[in-house]
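Worksheet: one structure, shown below.
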Amino acid sequence: MPSSPLRVAVVCMSNVNRSMEAHRILRKNGFRVRSFGAGSHVRLPGGARNPPVLYDFSTSYKKMHSDLSSKDQKHYKRNGILHILKRNERIKPGPERFQECPNAFDIIFTCGERAYNRVVADLCARDQETWQLVPVVNVDIDDTLEAASLGASIICELCQGLQQADDTQSCLAELLQAVEEKTEGAFCTRSASTEETSWLVSAALSVRTHAWALGLLGIFWERFFQKPFLLKAVSV
């Protein structure tokens, strides 16, 4: 069992809804958590006939809230965006990009395939300094308030299981299997390692309003990038 709380990263595309709800739940349960977006901009839905609203990641949640309120307060209150931004303000000042964070984590959760692909691509491009093994678990969550809440609960349950495990790496597959049984999802797994015994685990957990499905795919570095997976370790 780890002597200190797990260092957890949660990544969606904009660091507004899914990753922030998981951030809230994990922090409430005592984990050392940071949340991120993997997109190039924060992307929020526009009005009924308007294109999406884009913000730089340097824009605070407070400023987004003020800007959207001035544009169409009634619309953004009705679709829940203003509520989400107010919640986010209580957690941290503004969104952050995963690609700009040098810190090391014990486990990384992504909230969709697009975010997962960008996180993996970023890890590939980094200068590597250690042989640290870092599981990357993709939780494929619909970008709605209800699905974000369900997904955050599953992420927290997995973290609690890993926190209690003597060997977090070997325990991960068992925890994912338990989630599959609980959510009545379909589950399959395959894993492999490079000759340097460095490997990357990817899990896919689909969370929908009315149905959940779980799939685990062991993806290894050698097949896609022809080199071992090594995450640069920098103290938090």
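In the structure tokens, chains take letters A, B, ... by order of appearance, with residues numbered from 1 within each chain and ligands from 1 in the order shown.
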
Compile the contact shell of segment 67-76 of chain A as a ChimeraX atom specification: residues with an atom at most 12 Å away, counting only C-alpha atoms, same-chain residues fewer than 3 positions apart removed. /A:44-50,52-55,59-64,79-86

Which residues are close to Glu96 of chain A, i.e. within 9 Å by only C-alpha atoms, leaving aside same-chain residues fewer than 3 positions away? Reply as a ChimeraX atom specification. /A:14-15,35-38,57-58,99-101

Residues at most 10 Å from Ala121 of chain A, counting only C-alpha atoms, excluding those fewer than 5 positions away in the same chain, as an MDAnalysis selection string? chainID A and resid 99 115:116 126 225

Convert the current residue selection to file output with N, CA, C and O atoms, as a compact mmCIF listing (two decimals), in the first residue's frame.
```txt
# COMPACT_ATOMS: atom_id res chain seq x y z
N GLN A 99 -0.11 19.17 -21.67
CA GLN A 99 1.14 19.25 -22.40
C GLN A 99 2.13 20.25 -21.79
O GLN A 99 3.32 20.22 -22.11
N ALA A 115 -8.64 12.69 -25.88
CA ALA A 115 -7.72 13.13 -24.83
C ALA A 115 -6.64 12.08 -24.60
O ALA A 115 -5.45 12.41 -24.44
N TYR A 116 -7.02 10.81 -24.62
CA TYR A 116 -6.05 9.72 -24.44
C TYR A 116 -4.97 9.77 -25.51
O TYR A 116 -3.77 9.69 -25.23
N ARG A 126 8.26 13.63 -25.01
CA ARG A 126 9.03 14.20 -23.90
C ARG A 126 10.42 13.57 -23.79
O ARG A 126 10.60 12.40 -24.10
N PHE A 225 5.41 3.03 -31.43
CA PHE A 225 6.45 4.06 -31.45
C PHE A 225 7.86 3.51 -31.58
O PHE A 225 8.81 4.27 -31.66
```

Determine, counting only C-alpha atoms, which protein, DNA and RNA residues have an atom within 10 Å of an atom of Leu145 of chain A; residues of the same chain fewer than 2 positions away are not included. Present the result as number ranges by chain. A: 17-18, 21, 79-81, 84, 142-143, 147-151, 209

Output N, CA, C and O atoms for every residue in the selection just made, as a PDB file, in the first residue's frame.
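part-v6.pdb, freshly written:
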```pdb
ATOM      1  N   ASN A  17     -15.494  20.354 -17.681  1.00  0.00           N
ATOM      2  CA  ASN A  17     -16.571  19.546 -17.103  1.00  0.00           C
ATOM      3  C   ASN A  17     -16.080  18.211 -16.545  1.00  0.00           C
ATOM      4  O   ASN A  17     -16.039  18.011 -15.326  1.00  0.00           O
ATOM      5  N   ARG A  18     -15.686  17.291 -17.407  1.00  0.00           N
ATOM      6  CA  ARG A  18     -15.401  15.922 -16.974  1.00  0.00           C
ATOM      7  C   ARG A  18     -14.198  15.824 -16.031  1.00  0.00           C
ATOM      8  O   ARG A  18     -14.297  15.228 -14.955  1.00  0.00           O
ATOM      9  N   GLU A  21     -14.954  17.587 -12.612  1.00  0.00           N
ATOM     10  CA  GLU A  21     -15.810  16.849 -11.683  1.00  0.00           C
ATOM     11  C   GLU A  21     -15.011  15.744 -11.006  1.00  0.00           C
ATOM     12  O   GLU A  21     -15.141  15.513  -9.791  1.00  0.00           O
ATOM     13  N   ASN A  79     -28.188  25.718 -19.929  1.00  0.00           N
ATOM     14  CA  ASN A  79     -27.434  24.522 -20.330  1.00  0.00           C
ATOM     15  C   ASN A  79     -26.399  24.081 -19.289  1.00  0.00           C
ATOM     16  O   ASN A  79     -25.679  23.100 -19.484  1.00  0.00           O
ATOM     17  N   GLY A  80     -26.318  24.803 -18.180  1.00  0.00           N
ATOM     18  CA  GLY A  80     -25.487  24.372 -17.062  1.00  0.00           C
ATOM     19  C   GLY A  80     -24.050  24.872 -17.079  1.00  0.00           C
ATOM     20  O   GLY A  80     -23.303  24.631 -16.120  1.00  0.00           O
ATOM     21  N   ILE A  81     -23.649  25.591 -18.123  1.00  0.00           N
ATOM     22  CA  ILE A  81     -22.259  26.032 -18.228  1.00  0.00           C
ATOM     23  C   ILE A  81     -21.890  27.011 -17.120  1.00  0.00           C
ATOM     24  O   ILE A  81     -20.808  26.921 -16.526  1.00  0.00           O
ATOM     25  N   ILE A  84     -21.276  25.099 -13.966  1.00  0.00           N
ATOM     26  CA  ILE A  84     -20.012  24.372 -14.018  1.00  0.00           C
ATOM     27  C   ILE A  84     -18.843  25.309 -13.755  1.00  0.00           C
ATOM     28  O   ILE A  84     -17.914  24.989 -12.991  1.00  0.00           O
ATOM     29  N   ASP A 142     -19.237  10.673 -21.712  1.00  0.00           N
ATOM     30  CA  ASP A 142     -19.989  11.696 -22.436  1.00  0.00           C
ATOM     31  C   ASP A 142     -19.836  13.036 -21.734  1.00  0.00           C
ATOM     32  O   ASP A 142     -19.785  13.101 -20.504  1.00  0.00           O
ATOM     33  N   ASP A 143     -19.798  14.099 -22.509  1.00  0.00           N
ATOM     34  CA  ASP A 143     -19.578  15.422 -21.933  1.00  0.00           C
ATOM     35  C   ASP A 143     -20.899  16.040 -21.472  1.00  0.00           C
ATOM     36  O   ASP A 143     -21.367  17.056 -21.997  1.00  0.00           O
ATOM     37  N   ALA A 147     -23.181  12.257 -16.876  1.00  0.00           N
ATOM     38  CA  ALA A 147     -22.132  11.298 -17.209  1.00  0.00           C
ATOM     39  C   ALA A 147     -20.826  11.648 -16.519  1.00  0.00           C
ATOM     40  O   ALA A 147     -20.081  10.758 -16.081  1.00  0.00           O
ATOM     41  N   ALA A 148     -20.521  12.941 -16.398  1.00  0.00           N
ATOM     42  CA  ALA A 148     -19.299  13.361 -15.704  1.00  0.00           C
ATOM     43  C   ALA A 148     -19.325  12.921 -14.249  1.00  0.00           C
ATOM     44  O   ALA A 148     -18.310  12.491 -13.694  1.00  0.00           O
ATOM     45  N   SER A 149     -20.476  13.007 -13.621  1.00  0.00           N
ATOM     46  CA  SER A 149     -20.606  12.585 -12.230  1.00  0.00           C
ATOM     47  C   SER A 149     -20.410  11.080 -12.085  1.00  0.00           C
ATOM     48  O   SER A 149     -19.710  10.614 -11.185  1.00  0.00           O
ATOM     49  N   LEU A 150     -21.019  10.311 -12.992  1.00  0.00           N
ATOM     50  CA  LEU A 150     -20.854   8.857 -12.962  1.00  0.00           C
ATOM     51  C   LEU A 150     -19.402   8.464 -13.220  1.00  0.00           C
ATOM     52  O   LEU A 150     -18.843   7.607 -12.536  1.00  0.00           O
ATOM     53  N   GLY A 151     -18.784   9.104 -14.207  1.00  0.00           N
ATOM     54  CA  GLY A 151     -17.401   8.800 -14.527  1.00  0.00           C
ATOM     55  C   GLY A 151     -16.458   9.139 -13.387  1.00  0.00           C
ATOM     56  O   GLY A 151     -15.519   8.389 -13.095  1.00  0.00           O
ATOM     57  N   THR A 209     -25.476   7.857 -20.058  1.00  0.00           N
ATOM     58  CA  THR A 209     -26.556   8.136 -19.137  1.00  0.00           C
ATOM     59  C   THR A 209     -27.318   6.873 -18.764  1.00  0.00           C
ATOM     60  O   THR A 209     -27.695   6.690 -17.614  1.00  0.00           O
TER      61      THR A 209
END
```

Could you go through segment 89-179 of chain A and tell me which residues DSSP, when run on the backbone, assigns to alpha helix (DSSP H), listing them as a compact mmCIF listing (two decimals) with N, CA, C and O atoms, in the first residue's frame?
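Wrote states_15.txt, looks like this:
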```
# COMPACT_ATOMS: atom_id res chain seq x y z
N GLU A 89 -14.44 27.44 -10.22
CA GLU A 89 -13.79 28.54 -9.51
C GLU A 89 -13.46 28.16 -8.07
O GLU A 89 -12.48 28.65 -7.50
N GLU A 113 -11.31 9.18 -25.84
CA GLU A 113 -10.27 8.69 -26.73
C GLU A 113 -9.40 9.82 -27.28
O GLU A 113 -8.18 9.67 -27.41
N ARG A 114 -10.01 10.95 -27.62
CA ARG A 114 -9.22 12.06 -28.15
C ARG A 114 -8.21 12.55 -27.12
O ARG A 114 -7.04 12.80 -27.44
N ALA A 115 -8.64 12.69 -25.88
CA ALA A 115 -7.72 13.13 -24.83
C ALA A 115 -6.64 12.08 -24.60
O ALA A 115 -5.45 12.41 -24.44
N TYR A 116 -7.02 10.81 -24.62
CA TYR A 116 -6.05 9.72 -24.44
C TYR A 116 -4.97 9.77 -25.51
O TYR A 116 -3.77 9.69 -25.23
N ASN A 117 -5.39 9.91 -26.76
CA ASN A 117 -4.42 9.94 -27.86
C ASN A 117 -3.45 11.11 -27.72
O ASN A 117 -2.25 10.98 -27.99
N ARG A 118 -3.95 12.25 -27.29
CA ARG A 118 -3.08 13.42 -27.16
C ARG A 118 -2.14 13.28 -25.97
O ARG A 118 -0.98 13.72 -26.04
N VAL A 119 -2.61 12.69 -24.90
CA VAL A 119 -1.73 12.46 -23.75
C VAL A 119 -0.60 11.51 -24.12
O VAL A 119 0.58 11.77 -23.82
N VAL A 120 -0.93 10.42 -24.78
CA VAL A 120 0.09 9.45 -25.18
C VAL A 120 1.08 10.09 -26.14
O VAL A 120 2.30 9.90 -26.02
N ALA A 121 0.59 10.86 -27.12
CA ALA A 121 1.48 11.52 -28.07
C ALA A 121 2.42 12.48 -27.36
O ALA A 121 3.61 12.57 -27.69
N ASP A 122 1.90 13.18 -26.36
CA ASP A 122 2.75 14.12 -25.61
C ASP A 122 3.81 13.38 -24.81
O ASP A 122 4.98 13.79 -24.78
N LEU A 123 3.43 12.27 -24.17
CA LEU A 123 4.40 11.50 -23.41
C LEU A 123 5.49 10.94 -24.32
O LEU A 123 6.66 10.84 -23.92
N CYS A 124 5.12 10.60 -25.54
CA CYS A 124 6.10 10.08 -26.51
C CYS A 124 7.16 11.12 -26.81
O CYS A 124 8.34 10.80 -26.99
N ALA A 125 6.72 12.38 -26.90
CA ALA A 125 7.62 13.44 -27.35
C ALA A 125 8.52 13.99 -26.25
O ALA A 125 9.46 14.73 -26.53
N LEU A 145 -23.35 16.66 -17.63
CA LEU A 145 -23.21 16.73 -16.18
C LEU A 145 -23.39 15.37 -15.52
O LEU A 145 -22.62 14.98 -14.64
N GLU A 146 -24.42 14.63 -15.95
CA GLU A 146 -24.72 13.36 -15.32
C GLU A 146 -23.62 12.33 -15.61
O GLU A 146 -23.17 11.62 -14.70
N ALA A 147 -23.18 12.26 -16.88
CA ALA A 147 -22.13 11.30 -17.21
C ALA A 147 -20.83 11.65 -16.52
O ALA A 147 -20.08 10.76 -16.08
N ALA A 148 -20.52 12.94 -16.40
CA ALA A 148 -19.30 13.36 -15.70
C ALA A 148 -19.32 12.92 -14.25
O ALA A 148 -18.31 12.49 -13.69
N SER A 149 -20.48 13.01 -13.62
CA SER A 149 -20.61 12.58 -12.23
C SER A 149 -20.41 11.08 -12.09
O SER A 149 -19.71 10.61 -11.18
N LEU A 150 -21.02 10.31 -12.99
CA LEU A 150 -20.85 8.86 -12.96
C LEU A 150 -19.40 8.46 -13.22
O LEU A 150 -18.84 7.61 -12.54
N GLY A 151 -18.78 9.10 -14.21
CA GLY A 151 -17.40 8.80 -14.53
C GLY A 151 -16.46 9.14 -13.39
O GLY A 151 -15.52 8.39 -13.10
N ALA A 152 -16.71 10.27 -12.72
CA ALA A 152 -15.88 10.67 -11.59
C ALA A 152 -15.96 9.65 -10.47
O ALA A 152 -14.96 9.35 -9.80
N SER A 153 -17.13 9.10 -10.24
CA SER A 153 -17.31 8.09 -9.20
C SER A 153 -16.51 6.83 -9.50
O SER A 153 -15.90 6.24 -8.61
N ILE A 154 -16.50 6.42 -10.79
CA ILE A 154 -15.75 5.24 -11.18
C ILE A 154 -14.25 5.50 -11.03
O ILE A 154 -13.49 4.65 -10.54
N ILE A 155 -13.78 6.67 -11.46
CA ILE A 155 -12.36 7.01 -11.32
C ILE A 155 -11.96 6.99 -9.85
O ILE A 155 -10.90 6.46 -9.48
N CYS A 156 -12.80 7.54 -8.99
CA CYS A 156 -12.50 7.56 -7.56
C CYS A 156 -12.46 6.14 -7.00
O CYS A 156 -11.57 5.81 -6.20
N GLU A 157 -13.37 5.30 -7.41
CA GLU A 157 -13.39 3.91 -6.95
C GLU A 157 -12.11 3.18 -7.35
O GLU A 157 -11.52 2.43 -6.55
N LEU A 158 -11.64 3.41 -8.57
CA LEU A 158 -10.40 2.80 -9.03
C LEU A 158 -9.21 3.31 -8.22
O LEU A 158 -8.33 2.53 -7.82
N CYS A 159 -9.18 4.61 -7.96
CA CYS A 159 -8.08 5.18 -7.17
C CYS A 159 -8.07 4.64 -5.75
O CYS A 159 -7.00 4.35 -5.19
N GLN A 160 -9.24 4.47 -5.16
CA GLN A 160 -9.31 3.93 -3.80
C GLN A 160 -8.79 2.50 -3.77
O GLN A 160 -8.09 2.10 -2.83
N GLY A 161 -9.11 1.72 -4.80
CA GLY A 161 -8.61 0.37 -4.86
C GLY A 161 -7.09 0.33 -5.04
O GLY A 161 -6.40 -0.46 -4.40
N LEU A 162 -6.57 1.19 -5.89
CA LEU A 162 -5.13 1.25 -6.11
C LEU A 162 -4.40 1.73 -4.87
O LEU A 162 -3.30 1.27 -4.57
N GLN A 163 -5.01 2.64 -4.13
CA GLN A 163 -4.38 3.17 -2.92
C GLN A 163 -4.20 2.07 -1.87
O GLN A 163 -3.24 2.08 -1.10
N GLN A 164 -5.11 1.12 -1.84
CA GLN A 164 -5.05 0.04 -0.85
C GLN A 164 -4.20 -1.14 -1.30
O GLN A 164 -3.91 -2.02 -0.50
N THR A 168 0.30 -1.71 -7.12
CA THR A 168 -0.73 -1.00 -7.89
C THR A 168 -0.79 -1.46 -9.33
O THR A 168 -1.86 -1.51 -9.93
N GLN A 169 0.36 -1.83 -9.92
CA GLN A 169 0.35 -2.23 -11.32
C GLN A 169 -0.39 -3.55 -11.54
O GLN A 169 -1.22 -3.66 -12.43
N SER A 170 -0.08 -4.55 -10.72
CA SER A 170 -0.72 -5.85 -10.91
C SER A 170 -2.19 -5.82 -10.49
O SER A 170 -2.99 -6.64 -10.94
N CYS A 171 -2.54 -4.86 -9.63
CA CYS A 171 -3.92 -4.77 -9.13
C CYS A 171 -4.86 -4.11 -10.12
O CYS A 171 -6.07 -4.29 -10.06
N LEU A 172 -4.32 -3.34 -11.08
CA LEU A 172 -5.16 -2.54 -11.96
C LEU A 172 -6.16 -3.37 -12.76
O LEU A 172 -7.34 -3.04 -12.83
N ALA A 173 -5.69 -4.47 -13.36
CA ALA A 173 -6.58 -5.30 -14.16
C ALA A 173 -7.72 -5.87 -13.32
O ALA A 173 -8.87 -5.95 -13.77
N GLU A 174 -7.41 -6.28 -12.09
CA GLU A 174 -8.45 -6.81 -11.20
C GLU A 174 -9.49 -5.75 -10.87
O GLU A 174 -10.69 -6.04 -10.82
N LEU A 175 -9.04 -4.53 -10.64
CA LEU A 175 -9.97 -3.45 -10.33
C LEU A 175 -10.87 -3.14 -11.51
O LEU A 175 -12.08 -2.91 -11.36
N LEU A 176 -10.31 -3.15 -12.70
CA LEU A 176 -11.11 -2.89 -13.89
C LEU A 176 -12.12 -4.01 -14.12
O LEU A 176 -13.26 -3.77 -14.54
N GLN A 177 -11.72 -5.24 -13.83
CA GLN A 177 -12.65 -6.36 -13.94
C GLN A 177 -13.80 -6.20 -12.96
O GLN A 177 -14.97 -6.45 -13.29
N ALA A 178 -13.49 -5.73 -11.75
CA ALA A 178 -14.54 -5.52 -10.75
C ALA A 178 -15.51 -4.44 -11.20
O ALA A 178 -16.73 -4.56 -10.99
N VAL A 179 -14.99 -3.40 -11.83
CA VAL A 179 -15.86 -2.34 -12.35
C VAL A 179 -16.75 -2.88 -13.46
O VAL A 179 -17.93 -2.56 -13.54
```

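Considering only segment 52-179 of chain A, backbone DSSP assigns strand (DSSP E or B) to Val53, Leu54, Tyr55, Arg97, Ile107, Ile108, Phe109, Thr110, Val136, Val137, Asn138, Val139, Asp140 and Ile141 of chain A.
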
Expected file contents, prior selection, N, CA and C atoms, as a PDB file, in the first residue's frame:
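Final output, again.pdb:
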```pdb
ATOM      1  N   VAL A  53     -17.658  28.601 -28.448  1.00  0.00           N
ATOM      2  CA  VAL A  53     -16.869  29.704 -27.905  1.00  0.00           C
ATOM      3  C   VAL A  53     -15.508  29.152 -27.500  1.00  0.00           C
ATOM      4  N   LEU A  54     -14.440  29.780 -27.979  1.00  0.00           N
ATOM      5  CA  LEU A  54     -13.085  29.320 -27.690  1.00  0.00           C
ATOM      6  C   LEU A  54     -12.374  30.294 -26.759  1.00  0.00           C
ATOM      7  N   TYR A  55     -11.644  29.724 -25.801  1.00  0.00           N
ATOM      8  CA  TYR A  55     -10.834  30.529 -24.893  1.00  0.00           C
ATOM      9  C   TYR A  55      -9.429  29.953 -24.829  1.00  0.00           C
ATOM     10  N   ARG A  97      -3.290  22.988 -19.326  1.00  0.00           N
ATOM     11  CA  ARG A  97      -3.016  22.015 -20.395  1.00  0.00           C
ATOM     12  C   ARG A  97      -2.058  20.951 -19.895  1.00  0.00           C
ATOM     13  N   ILE A 107      -0.646   7.711 -11.665  1.00  0.00           N
ATOM     14  CA  ILE A 107      -1.615   7.209 -12.646  1.00  0.00           C
ATOM     15  C   ILE A 107      -2.250   8.399 -13.351  1.00  0.00           C
ATOM     16  N   ILE A 108      -2.544   8.222 -14.626  1.00  0.00           N
ATOM     17  CA  ILE A 108      -3.185   9.261 -15.426  1.00  0.00           C
ATOM     18  C   ILE A 108      -4.497   8.714 -15.965  1.00  0.00           C
ATOM     19  N   PHE A 109      -5.582   9.432 -15.726  1.00  0.00           N
ATOM     20  CA  PHE A 109      -6.885   9.091 -16.300  1.00  0.00           C
ATOM     21  C   PHE A 109      -7.214  10.093 -17.399  1.00  0.00           C
ATOM     22  N   THR A 110      -7.680   9.589 -18.528  1.00  0.00           N
ATOM     23  CA  THR A 110      -8.214  10.470 -19.563  1.00  0.00           C
ATOM     24  C   THR A 110      -9.715  10.215 -19.687  1.00  0.00           C
ATOM     25  N   VAL A 136      -1.905   4.599 -17.922  1.00  0.00           N
ATOM     26  CA  VAL A 136      -2.806   5.603 -18.487  1.00  0.00           C
ATOM     27  C   VAL A 136      -4.145   4.911 -18.723  1.00  0.00           C
ATOM     28  N   VAL A 137      -5.159   5.330 -18.001  1.00  0.00           N
ATOM     29  CA  VAL A 137      -6.475   4.688 -18.047  1.00  0.00           C
ATOM     30  C   VAL A 137      -7.469   5.644 -18.695  1.00  0.00           C
ATOM     31  N   ASN A 138      -8.039   5.218 -19.804  1.00  0.00           N
ATOM     32  CA  ASN A 138      -9.021   6.058 -20.492  1.00  0.00           C
ATOM     33  C   ASN A 138     -10.425   5.727 -20.028  1.00  0.00           C
ATOM     34  N   VAL A 139     -11.122   6.725 -19.506  1.00  0.00           N
ATOM     35  CA  VAL A 139     -12.515   6.588 -19.096  1.00  0.00           C
ATOM     36  C   VAL A 139     -13.340   7.410 -20.075  1.00  0.00           C
ATOM     37  N   ASP A 140     -13.996   6.708 -21.004  1.00  0.00           N
ATOM     38  CA  ASP A 140     -14.692   7.386 -22.099  1.00  0.00           C
ATOM     39  C   ASP A 140     -16.041   7.909 -21.614  1.00  0.00           C
ATOM     40  N   ILE A 141     -16.100   9.190 -21.273  1.00  0.00           N
ATOM     41  CA  ILE A 141     -17.262   9.787 -20.619  1.00  0.00           C
ATOM     42  C   ILE A 141     -17.940  10.784 -21.544  1.00  0.00           C
TER      43      ILE A 141
END
```

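From atom CA of Arg78 of chain A back to atom CA of His23 of chain A, the distance works out to 23.6 Å.
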
What does the distance from atom CA of Gly39 of chain A to atom CA of Phe98 of chain A come to in Å, to one decimal? 8.8 Å
